[in-house]
Structures are given as structure tokens and as C-alpha cells.
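**Student:** Just upload.txt, nothing more (compact mmCIF, C-alpha atoms and all ligand atoms):
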```txt
# COMPACT_ATOMS: atom_id res chain seq x y z
CA MET A 1 -53.91 25.73 -3.12
CA THR A 2 -54.34 28.87 -1.10
CA THR A 3 -54.42 28.96 2.62
CA THR A 4 -57.11 31.09 4.21
CA ALA A 5 -60.81 30.38 4.03
CA ALA A 6 -60.40 28.24 0.96
CA SER A 7 -63.44 28.47 -1.24
CA SER A 8 -65.90 25.62 -1.08
CA ALA A 9 -65.09 24.95 -4.72
CA SER A 10 -61.53 24.07 -3.80
CA ARG A 11 -62.73 21.91 -0.92
CA PRO A 12 -65.67 19.86 -2.08
CA GLY A 13 -65.58 17.91 1.18
CA ALA A 14 -66.09 21.09 3.17
CA ALA A 15 -69.12 21.93 1.04
CA ASP A 16 -70.50 18.45 1.73
CA LEU A 17 -69.99 18.94 5.45
CA ALA A 18 -71.66 22.36 5.27
CA GLN A 19 -74.63 20.66 3.62
CA LEU A 20 -74.82 18.07 6.42
CA ILE A 21 -74.75 20.84 9.03
CA ARG A 22 -77.45 22.75 7.21
CA ALA A 23 -79.67 19.67 7.11
CA SER A 24 -79.12 18.82 10.78
CA GLU A 25 -81.37 20.10 13.54
CA CYS A 26 -78.96 19.21 16.30
CA THR A 27 -75.25 19.23 15.56
CA VAL A 28 -72.77 18.54 18.36
CA ALA A 29 -68.99 18.77 18.05
CA LEU A 30 -66.58 16.36 19.69
CA THR A 31 -63.02 17.63 19.75
CA GLY A 32 -59.65 16.18 20.66
CA ALA A 33 -56.01 17.20 20.75
CA GLY A 34 -55.84 17.65 16.98
CA ILE A 35 -57.93 20.82 17.07
CA SER A 36 -55.32 22.52 19.26
CA VAL A 37 -52.31 21.47 17.20
CA PRO A 38 -52.59 24.54 14.91
CA SER A 39 -52.44 26.64 18.11
CA GLY A 40 -49.03 25.14 18.79
CA ILE A 41 -50.06 22.59 21.42
CA PRO A 42 -48.55 19.27 20.43
CA ASP A 43 -50.62 16.10 20.49
CA PHE A 44 -48.84 13.77 22.87
CA ARG A 45 -50.23 10.79 20.98
CA THR A 46 -48.33 11.74 17.84
CA PRO A 47 -45.09 9.75 17.94
CA GLY A 48 -41.94 11.83 18.11
CA LYS A 49 -43.73 15.16 18.27
CA GLY A 50 -45.38 15.04 21.62
CA LEU A 51 -45.08 17.00 24.77
CA TRP A 52 -44.54 13.69 26.49
CA GLU A 53 -41.65 12.57 24.38
CA LYS A 54 -39.12 12.72 27.20
CA VAL A 55 -41.32 11.52 30.02
CA ASP A 56 -43.73 8.68 30.47
CA PRO A 57 -47.12 10.33 31.05
CA MET A 58 -48.45 7.23 32.72
CA GLU A 59 -45.73 7.69 35.27
CA VAL A 60 -45.79 11.45 35.82
CA ALA A 61 -49.37 12.52 35.09
CA HIS A 62 -50.93 9.58 36.89
CA ILE A 63 -53.11 10.01 39.95
CA ASP A 64 -50.82 7.64 41.86
CA ALA A 65 -47.82 9.83 41.00
CA PHE A 66 -49.68 12.88 42.23
CA ARG A 67 -50.52 11.19 45.53
CA GLY A 68 -47.25 9.34 45.97
CA ASP A 69 -44.74 11.97 44.82
CA PRO A 70 -46.48 15.35 44.54
CA LYS A 71 -43.13 17.13 44.36
CA ARG A 72 -42.17 15.26 41.19
CA PHE A 73 -45.70 15.63 39.81
CA TRP A 74 -45.65 19.39 40.26
CA SER A 75 -42.11 19.79 38.95
CA PHE A 76 -43.50 18.47 35.70
CA TYR A 77 -46.99 19.92 35.82
CA ARG A 78 -46.35 23.43 37.13
CA PRO A 79 -44.61 24.72 33.98
CA ARG A 80 -47.06 22.79 31.81
CA LEU A 81 -50.02 24.46 33.52
CA HIS A 82 -48.67 27.93 32.89
CA GLY A 83 -47.39 27.01 29.44
CA LEU A 84 -50.83 25.85 28.33
CA ASP A 85 -52.39 29.03 29.61
CA GLY A 86 -50.36 31.02 27.08
CA PHE A 87 -51.83 29.51 23.91
CA GLU A 88 -54.47 31.14 21.75
CA PRO A 89 -57.37 29.59 19.84
CA ASN A 90 -56.95 29.00 16.10
CA PRO A 91 -59.45 29.27 13.21
CA ALA A 92 -60.80 25.77 13.93
CA HIS A 93 -61.87 26.79 17.45
CA GLU A 94 -63.20 30.05 16.03
CA ALA A 95 -65.19 28.22 13.36
CA LEU A 96 -66.98 26.14 16.00
CA ALA A 97 -67.72 29.25 18.07
CA GLU A 98 -69.10 30.91 14.94
CA LEU A 99 -71.32 27.91 14.18
CA GLU A 100 -72.73 28.10 17.71
CA ARG A 101 -73.43 31.84 17.33
CA ARG A 102 -75.30 31.11 14.10
CA GLY A 103 -77.42 28.51 15.86
CA ALA A 104 -75.86 25.71 13.81
CA LEU A 105 -74.05 24.02 16.69
CA GLU A 106 -75.58 22.90 19.98
CA ALA A 107 -72.46 22.28 22.04
CA VAL A 108 -68.82 21.27 22.02
CA ILE A 109 -67.72 18.17 23.89
CA THR A 110 -63.95 18.30 24.28
CA GLN A 111 -61.22 16.02 25.50
CA ASN A 112 -58.92 19.02 25.73
CA ILE A 113 -57.99 20.75 28.96
CA ASP A 114 -56.58 23.88 27.32
CA THR A 115 -59.75 26.07 27.56
CA LEU A 116 -59.24 27.25 23.96
CA HIS A 117 -62.90 26.69 23.04
CA HIS A 118 -63.89 29.14 25.75
CA LYS A 119 -61.21 31.58 24.65
CA ALA A 120 -62.60 31.37 21.10
CA GLY A 121 -66.05 32.30 22.36
CA SER A 122 -67.85 28.95 22.51
CA GLU A 123 -70.45 29.06 25.27
CA ARG A 124 -71.59 25.50 25.81
CA VAL A 125 -68.44 23.45 26.28
CA ILE A 126 -68.39 20.10 28.05
CA GLU A 127 -64.86 19.39 29.22
CA VAL A 128 -64.85 15.65 29.80
CA HIS A 129 -61.19 15.62 30.85
CA GLY A 130 -61.52 18.70 33.05
CA SER A 131 -59.49 21.84 32.40
CA ILE A 132 -56.55 23.85 33.63
CA ARG A 133 -58.91 26.68 34.62
CA THR A 134 -59.00 25.67 38.27
CA ALA A 135 -57.28 23.47 40.83
CA SER A 136 -58.91 22.00 43.93
CA CYS A 137 -57.94 20.89 47.40
CA GLN A 138 -58.26 17.14 47.68
CA VAL A 139 -59.66 17.32 51.22
CA CYS A 140 -61.74 20.45 51.82
CA ASP A 141 -62.77 21.08 48.20
CA ALA A 142 -61.48 24.65 48.17
CA THR A 143 -61.09 25.66 44.52
CA TYR A 144 -58.46 28.02 43.15
CA GLU A 145 -58.40 29.84 39.82
CA LEU A 146 -55.34 29.09 37.70
CA ALA A 147 -53.89 32.55 38.37
CA ALA A 148 -54.05 31.90 42.12
CA VAL A 149 -52.44 28.46 42.04
CA GLU A 150 -48.94 29.88 41.75
CA GLU A 151 -49.28 31.38 45.22
CA LEU A 152 -50.00 27.98 46.76
CA PHE A 153 -46.59 26.40 46.22
CA ASP A 154 -44.58 25.57 49.32
CA ASP A 155 -40.78 25.43 49.53
CA ASP A 156 -40.81 21.95 47.99
CA GLY A 157 -42.70 23.18 44.96
CA VAL A 158 -45.92 21.44 45.98
CA ALA A 159 -49.25 23.28 45.79
CA VAL A 160 -51.02 23.13 49.15
CA CYS A 161 -54.40 24.39 50.25
CA ARG A 162 -54.33 27.74 52.03
CA GLY A 163 -57.11 26.61 54.35
CA CYS A 164 -56.19 23.07 55.37
CA THR A 165 -52.68 22.61 53.89
CA SER A 166 -53.72 19.44 52.05
CA LEU A 167 -52.64 18.72 48.46
CA VAL A 168 -54.14 20.81 45.67
CA LYS A 169 -54.62 19.08 42.31
CA PRO A 170 -55.29 20.64 38.91
CA ASP A 171 -58.91 19.97 37.91
CA VAL A 172 -57.82 17.87 34.97
CA VAL A 173 -58.43 14.16 34.71
CA LEU A 174 -55.14 12.41 35.34
CA PHE A 175 -54.31 8.95 34.10
CA GLY A 176 -55.88 6.43 36.43
CA GLU A 177 -58.80 8.71 37.25
CA LEU A 178 -62.41 8.32 36.17
CA LEU A 179 -63.91 10.98 33.95
CA PRO A 180 -66.26 13.40 35.75
CA ALA A 181 -69.65 11.65 35.85
CA GLU A 182 -71.72 14.78 35.33
CA ALA A 183 -69.81 15.90 32.24
CA MET A 184 -69.89 12.40 30.76
CA ALA A 185 -73.65 12.13 31.35
CA GLU A 186 -74.16 15.44 29.55
CA ALA A 187 -71.91 14.30 26.70
CA GLU A 188 -73.85 11.03 26.39
CA ALA A 189 -77.16 12.89 26.34
CA LEU A 190 -75.91 15.24 23.63
CA ALA A 191 -74.49 12.40 21.54
CA SER A 192 -77.79 10.52 21.68
CA ARG A 193 -79.76 13.63 20.68
CA ALA A 194 -77.45 14.68 17.86
CA ASP A 195 -78.50 14.35 14.21
CA LEU A 196 -74.88 15.04 13.45
CA LEU A 197 -71.82 14.45 15.59
CA LEU A 198 -68.95 16.47 14.18
CA CYS A 199 -65.72 14.84 15.37
CA VAL A 200 -62.71 17.14 15.05
CA GLY A 201 -59.07 16.36 15.78
CA SER A 202 -59.73 13.22 17.76
CA SER A 203 -58.43 9.78 16.98
CA LEU A 204 -61.62 8.49 18.66
CA GLU A 205 -59.64 5.79 20.41
CA VAL A 206 -59.80 6.79 24.07
CA TYR A 207 -62.84 5.46 25.90
CA PRO A 208 -65.39 6.35 27.13
CA VAL A 209 -65.37 9.37 24.80
CA ALA A 210 -64.62 7.09 21.86
CA GLY A 211 -68.02 5.47 22.42
CA LEU A 212 -69.95 8.69 21.72
CA PRO A 213 -70.02 8.28 17.91
CA SER A 214 -71.54 4.81 18.43
CA THR A 215 -74.25 6.40 20.56
CA THR A 216 -75.10 8.89 17.80
CA LEU A 217 -75.06 6.21 15.09
CA ALA A 218 -77.23 3.85 17.16
CA ARG A 219 -79.87 6.57 17.46
CA GLY A 220 -79.92 7.09 13.70
CA GLY A 221 -77.68 10.17 13.67
CA ARG A 222 -74.75 10.71 11.38
CA ILE A 223 -71.13 11.39 12.10
CA ALA A 224 -68.60 13.52 10.27
CA ILE A 225 -64.89 13.26 10.92
CA VAL A 226 -62.34 16.04 10.41
CA THR A 227 -58.99 14.76 11.57
CA GLN A 228 -55.60 13.74 10.30
CA GLY A 229 -54.84 10.06 10.67
CA PRO A 230 -57.18 7.09 10.84
CA THR A 231 -60.03 6.55 13.30
CA PRO A 232 -62.05 3.42 14.01
CA TYR A 233 -65.15 5.21 12.66
CA ASP A 234 -63.84 6.20 9.23
CA GLY A 235 -66.10 3.68 7.51
CA ASP A 236 -69.18 5.05 9.30
CA ALA A 237 -68.62 8.73 8.54
CA ALA A 238 -71.00 10.55 6.20
CA VAL A 239 -68.16 12.97 5.50
CA ARG A 240 -64.50 12.27 6.19
CA LEU A 241 -62.00 15.13 5.85
CA ASP A 242 -58.31 14.71 6.60
CA GLY A 243 -56.83 18.12 5.84
CA ASP A 244 -55.64 20.72 8.31
CA VAL A 245 -58.50 21.19 10.81
CA ALA A 246 -58.21 24.98 10.77
CA GLU A 247 -58.45 25.13 6.97
CA GLU A 248 -61.20 22.54 6.74
CA LEU A 249 -63.47 24.18 9.33
CA SER A 250 -62.84 27.67 7.97
CA ALA A 251 -63.91 26.35 4.56
CA VAL A 252 -67.06 24.85 6.10
CA VAL A 253 -68.06 28.19 7.63
CA ALA A 254 -67.29 29.92 4.32
CA ALA A 255 -69.41 27.40 2.44
CA LEU A 256 -72.33 27.97 4.83
CA SER A 257 -72.01 31.72 4.36
CA GLN A 258 -71.90 31.46 0.57
CA ARG A 259 -75.08 29.51 0.29
CA ARG A 260 -76.83 31.81 2.67
CA ALA A 261 -75.78 34.95 0.77
ZN ZN B 301 -58.20 22.35 51.76
```
For this file, produce the structure as C-alpha cells.
**Tutor:**
Amino acid sequence: MTTTAASSASRPGAADLAQLIRASECTVALTGAGISVPSGIPDFRTPGKGLWEKVDPMEVAHIDAFRGDPKRFWSFYRPRLHGLDGFEPNPAHEALAELERRGALEAVITQNIDTLHHKAGSERVIEVHGSIRTASCQVCDATYELAAVEELFDDDGVAVCRGCTSLVKPDVVLFGELLPAEAMAEAEALASRADLLLCVGSSLEVYPVAGLPSTTLARGGRIAIVTQGPTPYDGDAAVRLDGDVAEELSAVVAALSQRRA
């Protein structure tokens, strides 16, 4: 089988998904770490392959670790922050951006902090786990763009606020933190309005995001799942694709184009 933009004939599942999208008046995407794997960002939940293989994320990327030992937190997170900034979107991100441009996708809800949906050109992106784009002072709420964070480090390698010298934290949701209420409310509203929730690269196991497909199903919407590995919703999916996310979504866009032509 060939690689790029496989024809819908070679991917009947992609044609089925294209049909679902065509029939839907409100399609919303929900994406997880799997959509960024083809960009080279490992999924820490994949055993043996993850970024977190040598450290315990619950220990290092936990809000208590940030507060209790910011030096250790930043020694781990500082290179990660800049490393993540260097990745580029892949055809799966681009496919979702293209669907939005065509009016076939309402929004992307993402668990990812890597900003690759924005880089790919998606406009309405709800980042329920925050993003690396900014970091904020934990006391005075001063906010710093990622590019400016590097200038905040003191001699101990801890980022401190230029104004009040308090700790600055990346605006990502650390373990032990609640998800941002506003983003979650928007995600819930979208999931309940969606005729089709297109779940891409998420194992759909981490709550509260994992509850969004239930919301869509309860309102009579359908769900489609494009991800490698099992999810708790596999039996509920109208379409279930388990190939490479970049190839699958490229094929979906190609199938939509073919029918339109
Ligand atoms: Zn401050």
C-alpha cells in the first residue's frame, strides 16, 4: 500500500468517515497525544517509548513538585519546553485545519500542549490541558510568552517573575491540577452540540476529557475513532480506524475532495 493521500478505494474506512463528516452539521474533533506522534513527539503513555521513560511524571511534572522543588521541576521542564517548541505539525493536524477551512469542522478540542494545531492553521482550538505558549506568575498573574521565559531563569535555574520575583509556571496543566474550567465548559458545550465527535489519537481514558464522547452519544450524536490501540468507546464508534493517523486523515480529506469534484 502506498503512503501519501491513499485513495479512498484503498481505505474504505476513510471513505466511510468522509461520508459521516459530510452528513454531519456539527463535527468536533477531540485529539490526544497520538496525533502528534507522527510529528516525532512521543506519547508518554506508550510503554517503553515515552518521553517519561526515565522519570516518573507523577513525581516531576506534579504541581506539588513544582511548588516544593521548583529547581528540580525546571531542570526537567526547561529543556522539554524548548524541545516541544521545535516540532512541526504533520498531515493529521493539517487535515483537521483543512476540514475547518472547508466548513466541515467546528472546532478542535485537544489534550495536547504542543500548539501544533495552531501551527497547522486550525483557528478554534480548545486546549484543555493548557499549552506551552505561555507561562504565568503564580502570584501577580503576569504572563510571559514562551520566547520570553528563558530570560526569567535565576542562577538556580528557576523561572521567576520579573515584577514580583515569585515562581513562574508553564501554563500547562500539571498532574494534581484541575483542568481549566472555562476550556472544559467550552469542550462540554461543543461535545453536547456535536452530531459527530471525531476522536483522533486519544486513548479516551483520562477524565474528564474521556467523558466527552459519552456526552455526544447521550445527545444522540455519533462518534468516530481514529487511533492506534483500544479505547473504552470502540464498541460505540460509528467508524473505527486504527491505521496511522496522518494517513487515515489525509485519506479522509482526499475522499471528501473526490466526491465533491
Ligand atoms: Zn509576579
**Student:** Tell me, as number ranges by chain, which residues lie within 8 Å of Ala142 of chain A, counting only C-alpha atoms; anything in the same chain fewer than 2 positions away does not count.
**Tutor:** A: 136-137, 140, 144, 161, 163
**Student:** Provide the atom CA of Pro38 of chain A to atom CA of Lys119 of chain A distance in Å, to one decimal place.
**Tutor:**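 Separation between atom CA of Pro38 of chain A and atom CA of Lys119 of chain A: 14.8 Å.
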**Student:** With distances taken over all atoms listed in the file, which residue among A:Leu146, A:Leu96, A:Leu30, A:Val158 lies nearest Asn112 of chain A?
**Tutor:**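 Comparing A:Leu146, A:Leu96, A:Leu30, A:Val158 against Asn112 of chain A, the winner is A:Leu30.
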**Student:** Report, in Å with one decimal, the straight-line distance from atom CA of Ala187 of chain A to atom CA of Ile109 of chain A.
**Tutor:**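 Value for the atom CA of Ala187 of chain A-atom CA of Ile109 of chain A distance: 6.4 Å.
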**Student:** Select, from A:Ser122, A:Thr31, A:Thr165, A:Ser257, the residue with the minimum atom-to-atom distance to ligand ZN 301 (chain B), counting all atoms listed in the file.
**Tutor:**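 Smallest separation from ligand ZN 301 (chain B) among the options: A:Thr165.
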**Student:** Please provide as a PDB file with C-alpha atoms, in the coordinates of the input all residues within 10 Å of segment 71-87 of chain A, with the sequence filter that same-chain residues fewer than 6 positions apart are discarded (counting all atoms listed in the file).
**Tutor:**
```
ATOM      1  CA  SER A  36     -55.320  22.520  19.260  1.00  0.00           C
ATOM      2  CA  SER A  39     -52.440  26.640  18.110  1.00  0.00           C
ATOM      3  CA  GLY A  40     -49.030  25.140  18.790  1.00  0.00           C
ATOM      4  CA  ILE A  41     -50.060  22.590  21.420  1.00  0.00           C
ATOM      5  CA  LEU A  51     -45.080  17.000  24.770  1.00  0.00           C
ATOM      6  CA  VAL A  55     -41.320  11.520  30.020  1.00  0.00           C
ATOM      7  CA  GLU A  59     -45.730   7.690  35.270  1.00  0.00           C
ATOM      8  CA  VAL A  60     -45.790  11.450  35.820  1.00  0.00           C
ATOM      9  CA  ALA A  61     -49.370  12.520  35.090  1.00  0.00           C
ATOM     10  CA  HIS A  62     -50.930   9.580  36.890  1.00  0.00           C
ATOM     11  CA  ILE A  63     -53.110  10.010  39.950  1.00  0.00           C
ATOM     12  CA  ASP A  64     -50.820   7.640  41.860  1.00  0.00           C
ATOM     13  CA  ALA A  65     -47.820   9.830  41.000  1.00  0.00           C
ATOM     14  CA  ILE A 113     -57.990  20.750  28.960  1.00  0.00           C
ATOM     15  CA  ASP A 114     -56.580  23.880  27.320  1.00  0.00           C
ATOM     16  CA  THR A 115     -59.750  26.070  27.560  1.00  0.00           C
ATOM     17  CA  LEU A 116     -59.240  27.250  23.960  1.00  0.00           C
ATOM     18  CA  LYS A 119     -61.210  31.580  24.650  1.00  0.00           C
ATOM     19  CA  SER A 131     -59.490  21.840  32.400  1.00  0.00           C
ATOM     20  CA  ILE A 132     -56.550  23.850  33.630  1.00  0.00           C
ATOM     21  CA  ARG A 133     -58.910  26.680  34.620  1.00  0.00           C
ATOM     22  CA  LEU A 146     -55.340  29.090  37.700  1.00  0.00           C
ATOM     23  CA  ALA A 147     -53.890  32.550  38.370  1.00  0.00           C
ATOM     24  CA  VAL A 149     -52.440  28.460  42.040  1.00  0.00           C
ATOM     25  CA  GLU A 150     -48.940  29.880  41.750  1.00  0.00           C
ATOM     26  CA  PHE A 153     -46.590  26.400  46.220  1.00  0.00           C
ATOM     27  CA  ASP A 154     -44.580  25.570  49.320  1.00  0.00           C
ATOM     28  CA  ASP A 156     -40.810  21.950  47.990  1.00  0.00           C
ATOM     29  CA  GLY A 157     -42.700  23.180  44.960  1.00  0.00           C
ATOM     30  CA  VAL A 158     -45.920  21.440  45.980  1.00  0.00           C
ATOM     31  CA  ALA A 159     -49.250  23.280  45.790  1.00  0.00           C
ATOM     32  CA  LYS A 169     -54.620  19.080  42.310  1.00  0.00           C
ATOM     33  CA  PRO A 170     -55.290  20.640  38.910  1.00  0.00           C
TER      34      PRO A 170
END
```
**Student:** In Å, rounded to a single decimal, give me how far atom CA of Ala15 of chain A is from atom CA of Thr215 of chain A.
**Tutor:**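 For atom CA of Thr215 of chain A relative to atom CA of Ala15 of chain A, the distance reads 25.5 Å.
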**Student:** Might you pull out every residue within 9 Å of Val226 of chain A, with all atoms listed in the file counted and same-chain residues fewer than 5 positions away left off, and present them as a compact mmCIF listing (two decimals) with C-alpha atoms, in the frame of the given file?
**Tutor:**
```txt
# COMPACT_ATOMS: atom_id res chain seq x y z
CA LEU A 198 -68.95 16.47 14.18
CA CYS A 199 -65.72 14.84 15.37
CA VAL A 200 -62.71 17.14 15.05
CA GLY A 201 -59.07 16.36 15.78
CA SER A 202 -59.73 13.22 17.76
CA VAL A 239 -68.16 12.97 5.50
CA ARG A 240 -64.50 12.27 6.19
CA LEU A 241 -62.00 15.13 5.85
CA ASP A 242 -58.31 14.71 6.60
CA GLY A 243 -56.83 18.12 5.84
CA ASP A 244 -55.64 20.72 8.31
CA VAL A 245 -58.50 21.19 10.81
CA GLU A 248 -61.20 22.54 6.74
CA LEU A 249 -63.47 24.18 9.33
```
**Student:** Nearest residue to Ala224 of chain A out of A:Asp155, A:Glu88, A:Glu94, A:Asp195, using only C-alpha atoms?
**Tutor:** A:Asp195
**Student:** Of the candidates A:Leu197, A:Leu174, A:Ala29, A:Ala148, which one gets nearest to Ala92 of chain A if we count all atoms listed in the file?
**Tutor:**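 Residue with the minimum atom-to-atom distance to Ala92 of chain A: A:Ala29.
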**Student:** Considering all atoms listed in the file, can you say which of A:Gln19, A:Gln228, A:Ser214, A:Asn90 comes closest to Gly121 of chain A?
**Tutor:**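 Comparing A:Gln19, A:Gln228, A:Ser214, A:Asn90 against Gly121 of chain A, the winner is A:Asn90.
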